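Asks: Structure file start.txt (compact mmCIF, C-alpha atoms and all ligand atoms) is given on the next line.
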```
# COMPACT_ATOMS: atom_id res chain seq x y z
CA MET A 269 86.55 71.93 -14.14
CA LYS A 270 83.44 73.24 -15.82
CA LEU A 271 83.48 70.86 -18.79
CA SER A 272 82.12 67.39 -18.21
CA SER A 273 83.03 65.43 -21.35
CA PRO A 274 85.90 65.10 -23.88
CA MET A 275 83.51 66.29 -26.61
CA GLU A 276 82.92 69.56 -24.75
CA ILE A 277 86.69 70.04 -24.42
CA TRP A 278 87.24 69.11 -28.06
CA GLU A 279 85.09 72.04 -29.19
CA TYR A 280 87.77 74.43 -27.90
CA LEU A 281 90.69 72.61 -29.58
CA PRO A 282 91.90 73.47 -33.12
CA GLY A 283 90.44 70.25 -34.53
CA THR A 284 93.22 69.81 -37.12
CA ASN A 285 94.49 66.44 -35.80
CA CYS A 286 98.05 67.64 -36.43
CA GLU A 287 99.51 65.16 -33.85
CA GLU A 288 101.93 67.73 -32.38
CA CYS A 289 100.64 66.73 -28.93
CA GLY A 290 101.63 63.11 -29.56
CA GLU A 291 98.01 61.96 -30.03
CA LYS A 292 96.39 60.87 -33.28
CA THR A 293 93.37 63.13 -32.86
CA CYS A 294 92.26 66.23 -30.98
CA LEU A 295 89.52 64.12 -29.39
CA ALA A 296 92.08 61.69 -27.94
CA PHE A 297 93.98 64.68 -26.53
CA ALA A 298 90.70 66.03 -25.09
CA SER A 299 90.13 62.73 -23.24
CA LEU A 300 93.58 62.93 -21.70
CA LEU A 301 93.03 66.58 -20.71
CA LYS A 302 89.86 65.48 -18.91
CA GLU A 303 91.84 62.86 -16.96
CA ARG A 304 94.67 65.39 -16.34
CA LYS A 305 97.16 63.09 -18.06
CA LYS A 306 98.08 65.86 -20.53
CA LYS A 307 98.47 69.59 -20.10
CA LEU A 308 97.07 72.33 -22.35
CA GLU A 309 100.62 73.50 -23.15
CA GLN A 310 101.17 70.22 -25.00
CA CYS A 311 98.96 71.50 -27.83
CA PRO A 312 101.23 74.19 -29.41
CA PRO A 313 98.71 75.33 -32.08
CA LEU A 314 96.37 76.43 -29.28
CA PHE A 315 98.84 79.21 -28.46
CA GLU A 316 99.00 80.56 -31.99
CA PRO A 317 97.07 83.80 -32.62
CA GLU A 318 94.36 81.96 -34.59
CA TYR A 319 93.34 79.82 -31.59
CA ALA A 320 94.61 81.92 -28.66
CA GLU A 321 91.15 83.14 -27.67
CA LYS A 322 89.79 79.57 -27.51
CA GLY A 323 92.92 78.46 -25.61
CA LYS A 324 92.43 81.16 -22.98
CA LYS A 325 88.78 80.22 -22.51
CA LEU A 326 89.65 76.51 -22.32
CA ALA A 327 92.28 77.17 -19.63
CA GLU A 328 89.60 78.93 -17.54
CA LEU A 329 87.09 76.12 -18.03
CA LEU A 330 89.60 73.36 -17.18
CA ALA A 331 90.81 75.02 -13.96
CA PRO A 332 89.84 72.95 -10.88
CA GLU A 333 87.19 74.39 -8.55
CA VAL A 334 89.65 74.26 -5.64
CA SER A 335 93.02 75.83 -6.53
CA GLU A 336 96.07 73.60 -6.35
CA VAL A 337 98.78 74.74 -3.95
CA GLU A 338 102.31 73.37 -3.70
CA ILE A 339 103.72 73.39 -0.17
CA GLY A 340 107.47 73.19 0.39
CA VAL A 341 110.29 72.96 -2.12
CA GLY A 342 112.45 70.20 -3.58
CA ALA A 343 111.95 66.47 -3.12
CA ARG A 344 109.68 66.80 -0.04
CA ALA A 345 107.29 69.33 -1.61
CA SER A 346 103.68 68.19 -1.98
CA LYS A 347 100.61 69.40 -3.81
CA ILE A 348 97.30 69.90 -2.07
CA GLY A 349 93.90 71.00 -3.38
CA GLY A 350 93.41 71.07 -7.14
CA GLU A 351 90.12 69.20 -6.76
CA ASP A 352 86.74 69.53 -8.47
CA ILE A 353 84.79 67.89 -5.66
CA MET A 354 84.52 68.28 -1.89
CA HIS A 355 83.97 64.64 -0.93
CA ARG A 356 86.10 61.60 -1.68
CA HIS A 357 83.05 59.41 -2.47
CA GLU A 358 82.08 61.66 -5.43
CA LEU A 359 85.30 60.98 -7.35
CA THR A 360 88.89 59.99 -6.60
CA PHE A 361 90.94 62.95 -5.37
CA PHE A 362 93.85 63.92 -7.62
CA ASN A 363 96.07 64.93 -4.69
CA ARG A 364 96.10 62.97 -1.46
CA THR A 365 95.64 64.77 1.85
CA ALA A 366 98.92 66.08 3.28
CA LEU A 367 99.68 64.80 6.79
CA ALA A 368 101.60 66.86 9.34
CA TYR A 369 102.86 65.98 12.81
CA ASP A 370 103.25 68.72 15.39
CA VAL A 371 105.90 70.18 17.66
CA TRP A 372 105.49 73.20 19.96
CA ASP A 373 107.64 76.05 21.20
CA THR A 374 107.69 75.09 24.89
CA MET A 375 109.54 71.83 24.17
CA GLU A 376 113.12 71.43 25.38
CA GLU A 377 115.48 71.92 22.43
CA GLU A 378 116.85 68.37 22.40
CA GLU A 379 113.38 66.83 22.70
CA LEU A 380 112.18 69.15 19.90
CA ARG A 381 115.02 68.26 17.55
CA GLU A 382 114.61 64.53 18.23
CA ARG A 383 110.89 64.69 17.47
CA VAL A 384 111.53 66.62 14.23
CA ARG A 385 114.10 64.02 13.14
CA LYS A 386 111.57 61.24 13.81
CA ILE A 387 108.87 63.05 11.82
CA THR A 388 111.27 63.66 8.92
CA ASN A 389 112.51 60.07 8.73
CA TRP A 390 109.27 58.24 9.59
CA SER A 391 108.24 55.73 6.95
CA LYS A 392 105.83 52.80 6.87
CA PHE A 393 105.46 50.22 4.13
CA TYR A 394 101.73 49.76 3.51
CA VAL A 395 99.94 48.08 0.56
CA GLY A 396 102.98 48.23 -1.70
CA GLU A 397 103.73 51.85 -0.92
CA SER A 398 106.20 53.59 1.35
CA LEU A 399 104.16 56.13 3.30
CA ARG A 400 105.87 59.24 4.71
CA LEU A 401 104.71 62.36 6.52
CA ASP A 402 104.34 65.58 4.51
CA ALA A 403 104.97 68.46 6.90
CA VAL A 404 105.88 69.56 10.42
CA ALA A 405 103.30 71.73 12.17
CA VAL A 406 104.99 74.19 14.56
CA ARG A 407 102.64 75.45 17.27
CA SER A 408 103.03 78.57 19.34
CA VAL A 409 102.05 77.60 22.89
CA SER A 410 104.23 80.10 24.77
CA GLY A 411 102.51 83.14 23.24
CA ASP A 412 105.94 84.77 22.96
CA ALA A 413 107.04 85.82 19.45
CA LYS A 414 110.76 85.48 20.15
CA THR A 415 110.41 81.98 21.62
CA PHE A 416 108.30 80.89 18.65
CA ALA A 417 110.81 82.33 16.14
CA GLY A 418 113.65 80.44 17.88
CA CYS A 419 111.63 77.22 17.77
CA VAL A 420 110.86 77.63 14.04
CA LYS A 421 114.57 78.21 13.37
CA ASP A 422 115.53 75.01 15.26
CA VAL A 423 112.90 73.00 13.38
CA ALA A 424 114.03 74.37 9.99
CA GLU A 425 117.61 73.32 10.78
CA GLU A 426 116.52 69.70 11.35
CA THR A 427 114.20 69.03 8.42
CA ASP A 428 113.64 69.55 4.72
CA LEU A 429 109.88 69.04 5.18
CA PRO A 430 107.51 72.00 4.67
CA LEU A 431 106.55 73.79 7.91
CA VAL A 432 103.02 74.74 8.91
CA LEU A 433 103.15 77.63 11.39
CA SER A 434 100.30 77.85 13.86
CA GLY A 435 100.03 80.98 16.00
CA GLY A 436 96.54 80.35 17.37
CA GLN A 437 94.55 77.58 19.02
CA PHE A 438 95.34 74.18 17.57
CA PHE A 439 93.73 70.95 18.64
CA SER A 440 96.06 68.00 18.29
CA ILE A 441 94.96 64.37 18.52
CA GLN A 442 98.16 62.87 17.21
CA PRO A 443 99.54 59.89 19.13
CA GLU A 444 103.21 59.68 19.97
CA ILE A 445 105.27 59.06 16.81
CA ARG A 446 107.17 55.74 16.78
S1 LIG A 501 98.38 69.31 -31.00
FE1 LIG A 501 96.40 70.24 -30.66
S2 LIG A 501 95.57 70.53 -32.70
FE2 LIG A 501 97.20 69.05 -32.89
S3 LIG A 501 96.22 67.04 -32.63
FE3 LIG A 501 96.91 67.66 -30.64
S4 LIG A 501 95.14 68.64 -29.75
FE4 LIG A 501 94.78 68.59 -31.95
```
Could you take the file, read its structure, and then write that structure out as structure tokens?
Ligand code: SF4
Replies:
Amino acid sequence: MKLSSPMEIWEYLPGTNCEECGEKTCLAFASLLKERKKKLEQCPPLFEPEYAEKGKKLAELLAPEVSEVEIGVGARASKIGGEDIMHRHELTFFNRTALAYDVWDTMEEEELRERVRKITNWSKFYVGESLRLDAVAVRSVSGDAKTFAGCVKDVAEETDLPLVLSGGQFFSIQPEIR
């Protein structure tokens, strides 16, 4: 985001305080845009011909420095990126880091399927929140395309989590999942 204050954002809004966005003033809406609690589309006048140019410019200026990407589909999909900073200590991240556990294509099928089931169903209650894993990383260790494709198919049959496919070197430090 290239705008640092609600006032800077406000300058691109219609300024009519029409309340169509559900806020009493354009400045209140600007504050919520800054905190990403409202979306630009919630200001309909901004898409009318009179303000369209400003709306386009504002969309560019509000876009995060790191693009947001959604991985997976449905209930287990998660968003990554979408940040304006590189380091957590500068500001709170909007999207938490996605965590993946790995499997590899030289595993025996039953062992593979069991591990995928554990990854999919793993949950830990921590500080009032139920933590779950976000993805399964499938590693090619065999170097054989057909073996890897078969492994990916088996994994996809066992989980609704997004899959991260790794065809190259991959250093794993994950402990055994319990
Ligand atoms: S809908 Fe747009 S123009 Fe109307 S008050 Fe909200 S921000 Fe201002």
Asks: Can you tell me which residues surround Ser391 in chain A at a distance of at most 7 Å, considering all atoms listed in the file, apart from same-chain residues fewer than 4 positions away, and format the answer as a count of residues only?
Replies: 3
Asks: Counting only C-alpha atoms, which residues of range 304-352 of chain A fall within 8 Å of range 283-291 of chain A, and what is the closest atom pair for each with its distance in Å at one decimal, ordered by chain and rising number, as JSON lines?
Replies:
```
{"residue": "A:Gln310", "atom": "CA", "partner": "A:Cys289", "partner_atom": "CA", "distance": 5.3}
{"residue": "A:Cys311", "atom": "CA", "partner": "A:Cys289", "partner_atom": "CA", "distance": 5.2}
{"residue": "A:Pro312", "atom": "CA", "partner": "A:Glu288", "partner_atom": "CA", "distance": 7.1}
```
Asks: Please report, as JSON, the centre and edge lengths in Å to one decimal of an axis-aligned box covering all listed atoms of ligand LIG 501 (chain A) with 4 Å per side.
Replies:
```
{"center_x": 96.6, "center_y": 68.8, "center_z": -31.3, "size_x": 11.6, "size_y": 11.5, "size_z": 11.1}
```
Asks: Considering only C-alpha atoms, state which residue in the set A:Asp373, A:Asp352, A:Glu336, A:Glu378 is at the smallest distance from Glu303 in chain A.
Replies: A:Asp352
Asks: Quote the spacing between CA of Leu429 in chain A and CA of Val334 in chain A in Å to one decimal place.
Replies: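 We find that CA of Leu429 in chain A and CA of Val334 in chain A lie 23.5 Å from each other.
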Asks: Once you count all atoms listed in the file, which residues end up no further than 12 Å from (86.3, 63.3, -27.3) in the file's frame, shown as a PyMOL selection string?
Replies: chain A and resi 271-281+283+292-303
Asks: Mind dumping the selected residues with C-alpha atoms as a PDB file, in the frame of the given file?
Replies:
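part.pdb, written as the output of this step:
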```
ATOM      1  CA  LEU A 271      83.480  70.860 -18.790  1.00  0.00           C
ATOM      2  CA  SER A 272      82.120  67.390 -18.210  1.00  0.00           C
ATOM      3  CA  SER A 273      83.030  65.430 -21.350  1.00  0.00           C
ATOM      4  CA  PRO A 274      85.900  65.100 -23.880  1.00  0.00           C
ATOM      5  CA  MET A 275      83.510  66.290 -26.610  1.00  0.00           C
ATOM      6  CA  GLU A 276      82.920  69.560 -24.750  1.00  0.00           C
ATOM      7  CA  ILE A 277      86.690  70.040 -24.420  1.00  0.00           C
ATOM      8  CA  TRP A 278      87.240  69.110 -28.060  1.00  0.00           C
ATOM      9  CA  GLU A 279      85.090  72.040 -29.190  1.00  0.00           C
ATOM     10  CA  TYR A 280      87.770  74.430 -27.900  1.00  0.00           C
ATOM     11  CA  LEU A 281      90.690  72.610 -29.580  1.00  0.00           C
ATOM     12  CA  GLY A 283      90.440  70.250 -34.530  1.00  0.00           C
ATOM     13  CA  LYS A 292      96.390  60.870 -33.280  1.00  0.00           C
ATOM     14  CA  THR A 293      93.370  63.130 -32.860  1.00  0.00           C
ATOM     15  CA  CYS A 294      92.260  66.230 -30.980  1.00  0.00           C
ATOM     16  CA  LEU A 295      89.520  64.120 -29.390  1.00  0.00           C
ATOM     17  CA  ALA A 296      92.080  61.690 -27.940  1.00  0.00           C
ATOM     18  CA  PHE A 297      93.980  64.680 -26.530  1.00  0.00           C
ATOM     19  CA  ALA A 298      90.700  66.030 -25.090  1.00  0.00           C
ATOM     20  CA  SER A 299      90.130  62.730 -23.240  1.00  0.00           C
ATOM     21  CA  LEU A 300      93.580  62.930 -21.700  1.00  0.00           C
ATOM     22  CA  LEU A 301      93.030  66.580 -20.710  1.00  0.00           C
ATOM     23  CA  LYS A 302      89.860  65.480 -18.910  1.00  0.00           C
ATOM     24  CA  GLU A 303      91.840  62.860 -16.960  1.00  0.00           C
TER      25      GLU A 303
END
```
Asks: Please determine, counting only C-alpha atoms, which residue among A:Glu321, A:Asp412, A:Asp422, A:Glu316 has the shortest atom-to-atom distance to Glu379 in chain A.
Replies: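 The closest residue to Glu379 in chain A is A:Asp422.
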Asks: Which residue is closest to Arg381 in chain A? Choose from A:Glu318, A:Pro282, A:Glu426, A:Val406 and count only C-alpha atoms.
Replies: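 With only C-alpha atoms as the atom set, the closest residue is A:Glu426.
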Asks: Between CA of Glu382 in chain A and CA of Thr415 in chain A, what distance in Å does the model show, to one decimal?
Replies: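 Answer for the CA of Glu382 in chain A to CA of Thr415 in chain A separation: 18.3 Å.
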Asks: At what distance in Å, to one decimal, does CA of Glu338 in chain A lie from CA of Asp428 in chain A?
Replies: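 For CA of Asp428 in chain A relative to CA of Glu338 in chain A, the distance reads 14.6 Å.
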Asks: Might you pull out every residue within 8 Å of Gly411 in chain A, with all atoms listed in the file counted and same-chain residues fewer than 3 positions away left off, and present them as a list of chain:residue names?
Replies: A:Ser408, A:Phe416, A:Gly435
Asks: Any chance you could turn range 408-425 of chain A into a file with N, CA, C and O atoms, as a CSV table (one decimal), in the first residue's frame?
Replies:
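As a result, part_21.csv now contains:
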```csv
chain,number,residue,atom,x,y,z
A,408,SER,N,9.2,-35.2,-4.8
A,408,SER,CA,9.7,-36.2,-5.7
A,408,SER,C,11.2,-36.6,-5.3
A,408,SER,O,12.1,-35.8,-5.4
A,409,VAL,N,11.3,-37.8,-4.8
A,409,VAL,CA,12.6,-38.3,-4.4
A,409,VAL,C,13.1,-39.3,-5.4
A,409,VAL,O,14.3,-39.4,-5.6
A,410,SER,N,12.1,-40.0,-6.0
A,410,SER,CA,12.5,-41.1,-6.9
A,410,SER,C,13.1,-40.5,-8.2
A,410,SER,O,13.9,-41.2,-8.9
A,411,GLY,N,12.8,-39.3,-8.6
A,411,GLY,CA,13.3,-38.8,-9.9
A,411,GLY,C,12.5,-39.3,-11.1
A,411,GLY,O,12.9,-39.0,-12.2
A,412,ASP,N,11.5,-40.1,-10.8
A,412,ASP,CA,10.7,-40.7,-11.9
A,412,ASP,C,9.4,-40.1,-12.0
A,412,ASP,O,8.6,-40.1,-11.1
A,413,ALA,N,9.1,-39.5,-13.2
A,413,ALA,CA,7.8,-38.7,-13.4
A,413,ALA,C,6.6,-39.6,-13.1
A,413,ALA,O,5.6,-39.1,-12.5
A,414,LYS,N,6.6,-40.8,-13.6
A,414,LYS,CA,5.4,-41.7,-13.4
A,414,LYS,C,5.1,-42.0,-12.0
A,414,LYS,O,4.0,-42.0,-11.5
A,415,THR,N,6.2,-42.3,-11.2
A,415,THR,CA,6.1,-42.6,-9.8
A,415,THR,C,5.5,-41.4,-9.1
A,415,THR,O,4.7,-41.5,-8.2
A,416,PHE,N,6.1,-40.2,-9.4
A,416,PHE,CA,5.6,-39.0,-8.7
A,416,PHE,C,4.2,-38.7,-9.0
A,416,PHE,O,3.4,-38.4,-8.1
A,417,ALA,N,3.8,-38.9,-10.3
A,417,ALA,CA,2.4,-38.7,-10.7
A,417,ALA,C,1.4,-39.6,-9.9
A,417,ALA,O,0.4,-39.2,-9.4
A,418,GLY,N,1.8,-40.9,-9.7
A,418,GLY,CA,1.0,-41.8,-9.0
A,418,GLY,C,0.9,-41.4,-7.5
A,418,GLY,O,-0.2,-41.5,-6.9
A,419,CYS,N,2.0,-40.9,-7.0
A,419,CYS,CA,2.0,-40.5,-5.6
A,419,CYS,C,1.1,-39.3,-5.4
A,419,CYS,O,0.3,-39.3,-4.4
A,420,VAL,N,1.2,-38.3,-6.3
A,420,VAL,CA,0.3,-37.1,-6.2
A,420,VAL,C,-1.2,-37.6,-6.3
A,420,VAL,O,-2.0,-37.0,-5.5
A,421,LYS,N,-1.5,-38.5,-7.1
A,421,LYS,CA,-2.9,-39.0,-7.3
A,421,LYS,C,-3.3,-39.6,-6.0
A,421,LYS,O,-4.4,-39.3,-5.5
A,422,ASP,N,-2.5,-40.5,-5.4
A,422,ASP,CA,-2.9,-41.1,-4.1
A,422,ASP,C,-3.1,-40.0,-3.0
A,422,ASP,O,-4.0,-40.1,-2.2
A,423,VAL,N,-2.2,-39.0,-2.9
A,423,VAL,CA,-2.4,-38.0,-1.9
A,423,VAL,C,-3.7,-37.2,-2.1
A,423,VAL,O,-4.4,-37.0,-1.2
A,424,ALA,N,-3.9,-36.9,-3.4
A,424,ALA,CA,-5.2,-36.1,-3.7
A,424,ALA,C,-6.4,-36.9,-3.3
A,424,ALA,O,-7.4,-36.3,-3.0
A,425,GLU,N,-6.4,-38.2,-3.4
A,425,GLU,CA,-7.5,-39.0,-3.0
A,425,GLU,C,-7.8,-39.0,-1.5
A,425,GLU,O,-8.9,-39.3,-1.1
```
